[in-house]
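Enquirer: The structure follows.
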Amino acid sequence: MCRWLAYTGEPIPPAALIIDTQHSVLAMSQNSPLGAETVNGDGFGVGWYPTGKPTDAQGLRHPYVFRSTEPAWNDQNLREISRAVTSPLFFTHVRAAAGPPIQQTNCHPFRHDNWLFMHNGAISGFQQIKRELAMDVDPLLYAGIQGTTDTEVLFHLALTYGLMDGPIAAVGKAIRRVEKAGEGAGIQFPMQGTIAVSDGETLWAFRYSTQGRSRTLFHSADVPTLRKMYPTAERLDLFGDHAQVVVSEPLTDLPGVFLEVPESTVAVLDPTGYHHQSFLEA
């Protein structure tokens, strides 16, 4: 349905990954070999956490978001912004609309306080179960739903179920709620996709589908290892030792740079590095 990328590590201009790699997100928007749709031209979004000190009294780092209904390859503002800013943690997403209209409020990533959320995939039969799911959203959070996508409802379900206190448990509970509603409506495989969530410090990336055949997801090998593997690769000089990427498709053809995240898994990227654990296994 869409493609996305999330980065965490030493601050870099987002353009280094959005535009300047062999198989950049910009390139994916025009030709996505591993995607369900080859072209993802129904809007895009970038969410980034600023460098420097936390931005509020509670010590939380709040993100900025730029979203557009333009195809990513056709938006000069994306090229300008992604080169002008630097960030230690950013999301980018290119959209292929699967029903909800093409409008800014339907473009990912979605934001609430210091949290960012994006999704590649779909809730099958969403229109049949939309009201049931929306009624489960905390009334204090419901007004924050500005668009019409399944992803935004899923995000607000996770917020309702305690995302701020335990992201893995909250996303799991939100997905199980979707599956329960889908089962009640006779939908065989309600949930499909990969999800990225961040609070500005840690990045969680989920790969899960009810059918067990999820959208692709990859993470980068650690940079010190890559420098040993490719000592003449000057491009690696752009990245610090703690740079980590999770992405829908590998950004380069070089062997060993990107490793597949297993099915039914949550990948966790934080200052200690990358690790993963099983998620919602049957």
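Chain labels A, B, ... are given in the sequence in which chains occur in the structure tokens; within each chain residues are numbered consecutively from 1, and ligands are likewise numbered from 1 in the order shown.
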Enumerate, as a list in words, the complete set of residues in region 77-115 of chain A that a backbone-based DSSP assignment places in strand (DSSP E).

Expert: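 Those in region 77-115 of chain A that DSSP calls strand (DSSP E) are Ser87, Pro88, Leu89, Phe90, Phe91, Thr92, His93, Val94, Arg95, Phe110, Arg111, His112 and Trp115 of chain A.
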
Enquirer: For Ser209 (chain A), list every protein, DNA or RNA residue within 7 Å, evaluated using only C-alpha atoms, and leave out those in the same chain fewer than 4 positions away; present the list as a list of chain:residue names.

Expert: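 Everything that qualifies: A:Met191, A:Gln192, A:Gly193, A:Arg213, A:Ser214.
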
Enquirer: Using only C-alpha atoms, which of the listed residues (A:Met229, A:His242, A:Glu234, A:Ala84) sits closest to Leu254 (chain A)?

Expert: A:Met229

Enquirer: Find the nearest atom pair between each residue of region 91-128 of chain A and region 175-187 of chain A for residues within 12 Å, count only C-alpha atoms, give distances in Å to one decimal, sort rows by chain and ascending number, and present the table as a tab-separated table.

Expert:
residue	atom	partner	partner_atom	distance
A:Ala122	CA	A:Val178	CA	10.9
A:Ile123	CA	A:Val178	CA	7.6
A:Ser124	CA	A:Ile187	CA	7.2
A:Gly125	CA	A:Ile187	CA	6.8
A:Phe126	CA	A:Gly182	CA	8.3
A:Gln127	CA	A:Gly182	CA	10.6
A:Gln128	CA	A:Ala185	CA	7.2

Enquirer: Could you save those same residues with C-alpha atoms as a PDB file, in the first residue's frame?

Expert:
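Heads up, here's the output in selection-v8.pdb:
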ATOM      1  CA  ALA A 122      -4.191  -2.056   5.460  1.00  0.00           C
ATOM      2  CA  ILE A 123      -7.013  -3.088   7.737  1.00  0.00           C
ATOM      3  CA  SER A 124      -9.102  -5.261   5.418  1.00  0.00           C
ATOM      4  CA  GLY A 125     -12.769  -4.369   5.302  1.00  0.00           C
ATOM      5  CA  PHE A 126     -12.066  -1.210   7.272  1.00  0.00           C
ATOM      6  CA  GLN A 127     -15.308   0.487   6.248  1.00  0.00           C
ATOM      7  CA  GLN A 128     -17.275  -2.427   7.735  1.00  0.00           C
TER       8      GLN A 128
END

Enquirer: Could you name the residues that touch region 21-27 of chain A at 7 Å or less, counting only C-alpha atoms, but leaving out those on the same chain fewer than 4 positions away, as a list of chain:residue names?

Expert: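 Result of the neighbour search: A:Ala16, A:Leu17, A:Asn31, A:Ala72, A:Trp73, A:Leu251, A:Thr252.
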
Enquirer: To one decimal in Å, tell me the separation between CA of Leu259 (chain A) and CA of Val246 (chain A).

Expert: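 Computed distance, CA of Leu259 (chain A) to CA of Val246 (chain A), equals 9.5 Å.
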
Enquirer: Between A:Tyr7, A:Tyr274, A:Tyr161, A:Phe258, which residue has the minimum interatomic distance to Ser87 (chain A), considering only C-alpha atoms?

Expert: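 Of A:Tyr7, A:Tyr274, A:Tyr161, A:Phe258, the one nearest Ser87 (chain A), counting only C-alpha atoms, is A:Tyr7.
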
Enquirer: Within 10 Å of Val223 (chain A), counting only C-alpha atoms, which residues qualify if same-chain residues fewer than 4 places away don't, as a ChimeraX atom specification?

Expert: /A:227-229,236-237,239-244,257

Enquirer: If you run DSSP over the backbone, which residues in region 62-96 of chain A end up alpha helix (DSSP H)? Put them as a list of chain:residue names.

Expert: A:Gln76, A:Asn77, A:Leu78, A:Arg79, A:Glu80, A:Ile81, A:Ser82, A:Arg83, A:Ala84

Enquirer: If you count only C-alpha atoms, which residues fall within 12 Å of Met164 (chain A), apart from same-chain ones fewer than 2 positions away, as a VMD selection string?

Expert: chain A and resid 60 112 to 116 155 to 162 166 to 171 197 to 200 202

Enquirer: Those residues with N, CA and C atoms, as an mmCIF file, in the first residue's frame please?

Expert:
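Written file, again.cif:
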data_model
loop_
_atom_site.group_PDB
_atom_site.id
_atom_site.type_symbol
_atom_site.label_atom_id
_atom_site.label_comp_id
_atom_site.auth_asym_id
_atom_site.auth_seq_id
_atom_site.Cartn_x
_atom_site.Cartn_y
_atom_site.Cartn_z
ATOM 1 N N LEU A 60 10.618 16.037 26.974
ATOM 2 C CA LEU A 60 10.213 15.317 25.775
ATOM 3 C C LEU A 60 10.627 16.076 24.517
ATOM 4 N N HIS A 112 1.150 12.623 17.699
ATOM 5 C CA HIS A 112 0.421 12.980 18.924
ATOM 6 C C HIS A 112 1.461 13.275 20.000
ATOM 7 N N ASP A 113 1.459 14.495 20.500
ATOM 8 C CA ASP A 113 2.469 14.927 21.469
ATOM 9 C C ASP A 113 3.862 14.607 20.921
ATOM 10 N N ASN A 114 4.626 13.785 21.617
ATOM 11 C CA ASN A 114 5.991 13.484 21.177
ATOM 12 C C ASN A 114 6.081 12.188 20.365
ATOM 13 N N TRP A 115 4.931 11.663 19.937
ATOM 14 C CA TRP A 115 4.911 10.377 19.245
ATOM 15 C C TRP A 115 4.678 10.542 17.741
ATOM 16 N N LEU A 116 5.355 9.682 16.967
ATOM 17 C CA LEU A 116 5.121 9.548 15.535
ATOM 18 C C LEU A 116 4.697 8.115 15.234
ATOM 19 N N PHE A 155 -3.636 4.051 15.221
ATOM 20 C CA PHE A 155 -2.762 4.851 16.088
ATOM 21 C C PHE A 155 -3.512 5.286 17.343
ATOM 22 N N HIS A 156 -4.719 5.781 17.173
ATOM 23 C CA HIS A 156 -5.476 6.278 18.330
ATOM 24 C C HIS A 156 -5.980 5.139 19.215
ATOM 25 N N LEU A 157 -6.185 3.964 18.643
ATOM 26 C CA LEU A 157 -6.458 2.803 19.476
ATOM 27 C C LEU A 157 -5.254 2.466 20.337
ATOM 28 N N ALA A 158 -4.068 2.481 19.726
ATOM 29 C CA ALA A 158 -2.852 2.195 20.487
ATOM 30 C C ALA A 158 -2.636 3.232 21.590
ATOM 31 N N LEU A 159 -2.902 4.508 21.296
ATOM 32 C CA LEU A 159 -2.808 5.547 22.327
ATOM 33 C C LEU A 159 -3.798 5.265 23.460
ATOM 34 N N THR A 160 -4.992 4.878 23.096
ATOM 35 C CA THR A 160 -6.022 4.556 24.089
ATOM 36 C C THR A 160 -5.584 3.399 24.985
ATOM 37 N N TYR A 161 -4.908 2.412 24.405
ATOM 38 C CA TYR A 161 -4.527 1.208 25.137
ATOM 39 C C TYR A 161 -3.169 1.330 25.835
ATOM 40 N N GLY A 162 -2.605 2.550 25.892
ATOM 41 C CA GLY A 162 -1.403 2.755 26.693
ATOM 42 C C GLY A 162 -0.104 2.850 25.939
ATOM 43 N N GLY A 166 3.647 1.634 27.315
ATOM 44 C CA GLY A 166 4.198 0.369 26.830
ATOM 45 C C GLY A 166 3.855 0.160 25.377
ATOM 46 N N PRO A 167 4.684 0.649 24.456
ATOM 47 C CA PRO A 167 4.337 0.616 23.026
ATOM 48 C C PRO A 167 4.080 -0.778 22.466
ATOM 49 N N ILE A 168 4.874 -1.760 22.860
ATOM 50 C CA ILE A 168 4.704 -3.092 22.280
ATOM 51 C C ILE A 168 3.358 -3.685 22.703
ATOM 52 N N ALA A 169 3.041 -3.579 23.977
ATOM 53 C CA ALA A 169 1.770 -4.114 24.463
ATOM 54 C C ALA A 169 0.598 -3.352 23.868
ATOM 55 N N ALA A 170 0.706 -2.024 23.750
ATOM 56 C CA ALA A 170 -0.406 -1.213 23.248
ATOM 57 C C ALA A 170 -0.671 -1.471 21.774
ATOM 58 N N VAL A 171 0.375 -1.561 20.955
ATOM 59 C CA VAL A 171 0.179 -1.867 19.532
ATOM 60 C C VAL A 171 -0.388 -3.276 19.384
ATOM 61 N N VAL A 197 6.820 3.245 15.106
ATOM 62 C CA VAL A 197 6.391 4.095 16.210
ATOM 63 C C VAL A 197 7.633 4.641 16.894
ATOM 64 N N SER A 198 7.590 5.902 17.310
ATOM 65 C CA SER A 198 8.703 6.455 18.084
ATOM 66 C C SER A 198 8.222 7.514 19.050
ATOM 67 N N ASP A 199 8.946 7.612 20.189
ATOM 68 C CA ASP A 199 8.713 8.664 21.168
ATOM 69 C C ASP A 199 9.813 9.722 21.121
ATOM 70 N N GLY A 200 10.684 9.633 20.128
ATOM 71 C CA GLY A 200 11.784 10.580 19.995
ATOM 72 C C GLY A 200 13.094 10.064 20.541
ATOM 73 N N THR A 202 13.389 6.158 21.262
ATOM 74 C CA THR A 202 13.431 4.765 20.818
ATOM 75 C C THR A 202 12.520 4.605 19.609
#

Enquirer: Give the answer as one residue: which of A:Asp150, A:Glu281, A:Gly273, A:Glu249 has the shortest atom-to-atom distance to Gln211 (chain A), using only C-alpha atoms?

Expert: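 Nearest candidate to Gln211 (chain A) out of A:Asp150, A:Glu281, A:Gly273, A:Glu249: A:Glu281.
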
Enquirer: Could you name the residues that touch Leu203 (chain A) at 7 Å or less, counting only C-alpha atoms, but leaving out those on the same chain fewer than 2 positions away, as a list in words?

Expert: Val197, Ser198, Glu201, Ala205, Val268, Leu269 and Asp270 of chain A

Enquirer: Those selected residues, please, written with all heavy atoms and delivered as a CSV table (one decimal), in the first residue's frame.

Expert:
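Saved result, out_24.csv, follows:
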chain,number,residue,atom,x,y,z
A,197,VAL,N,6.8,3.2,15.1
A,197,VAL,CA,6.4,4.1,16.2
A,197,VAL,C,7.6,4.6,16.9
A,197,VAL,O,8.6,3.9,17.1
A,197,VAL,CB,5.6,3.3,17.2
A,197,VAL,CG1,5.1,4.2,18.4
A,197,VAL,CG2,4.4,2.6,16.6
A,198,SER,N,7.6,5.9,17.3
A,198,SER,CA,8.7,6.5,18.1
A,198,SER,C,8.2,7.5,19.0
A,198,SER,O,7.3,8.2,18.8
A,198,SER,CB,9.8,7.1,17.2
A,198,SER,OG,10.9,7.5,17.9
A,201,GLU,N,13.0,8.9,21.3
A,201,GLU,CA,14.3,8.3,21.8
A,201,GLU,C,14.5,6.9,21.3
A,201,GLU,O,15.6,6.6,20.9
A,201,GLU,CB,14.2,8.3,23.4
A,201,GLU,CG,14.0,9.7,24.0
A,201,GLU,CD,15.3,10.6,23.8
A,201,GLU,OE1,16.4,10.0,23.6
A,201,GLU,OE2,15.1,11.8,23.8
A,205,ALA,N,9.6,-1.0,15.4
A,205,ALA,CA,9.1,-1.3,14.1
A,205,ALA,C,8.5,-2.7,14.1
A,205,ALA,O,9.2,-3.7,14.5
A,205,ALA,CB,10.3,-1.3,13.1
A,268,VAL,N,13.4,-3.3,17.8
A,268,VAL,CA,13.6,-2.2,18.7
A,268,VAL,C,15.0,-1.6,18.5
A,268,VAL,O,16.0,-2.3,18.5
A,268,VAL,CB,13.5,-2.6,20.2
A,268,VAL,CG1,13.6,-1.4,21.1
A,268,VAL,CG2,12.2,-3.3,20.5
A,269,LEU,N,15.0,-0.3,18.2
A,269,LEU,CA,16.3,0.4,17.9
A,269,LEU,C,16.4,1.6,18.9
A,269,LEU,O,15.5,2.5,19.0
A,269,LEU,CB,16.3,1.0,16.5
A,269,LEU,CG,16.3,0.0,15.3
A,269,LEU,CD1,14.9,-0.5,15.0
A,269,LEU,CD2,16.9,0.6,14.1
A,270,ASP,N,17.4,1.5,19.7
A,270,ASP,CA,17.6,2.5,20.7
A,270,ASP,C,19.1,2.8,20.8
A,270,ASP,O,19.9,2.2,20.1
A,270,ASP,CB,17.0,2.1,22.1
A,270,ASP,CG,17.6,0.8,22.6
A,270,ASP,OD1,18.7,0.4,22.3
A,270,ASP,OD2,16.9,0.1,23.4

Enquirer: What lies within 10 Å of Gly52 (chain A) using only C-alpha atoms, ignoring chain neighbours under 3 positions off, as a list in words?

Expert: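 Listed by chain and then number, they are Pro11, Tyr49, Thr55, Arg61, Ser87 and Pro88 of chain A.
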
Enquirer: Work out how far CA of Asp20 (chain A) is from CA of Phe90 (chain A), in Å to one decimal.

Expert: 15.5 Å

Enquirer: Select, from A:Asn74, A:Asp222, A:Arg83, A:Leu154, the residue with the minimum atom-to-atom distance to Thr272 (chain A), counting only C-alpha atoms.

Expert: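 Under the stated criterion, the closest residue is A:Asp222.
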
Enquirer: Could you state the separation of CA of Thr92 (chain A) and CA of Thr210 (chain A) in Å, given to one decimal place?

Expert: 25.2 Å
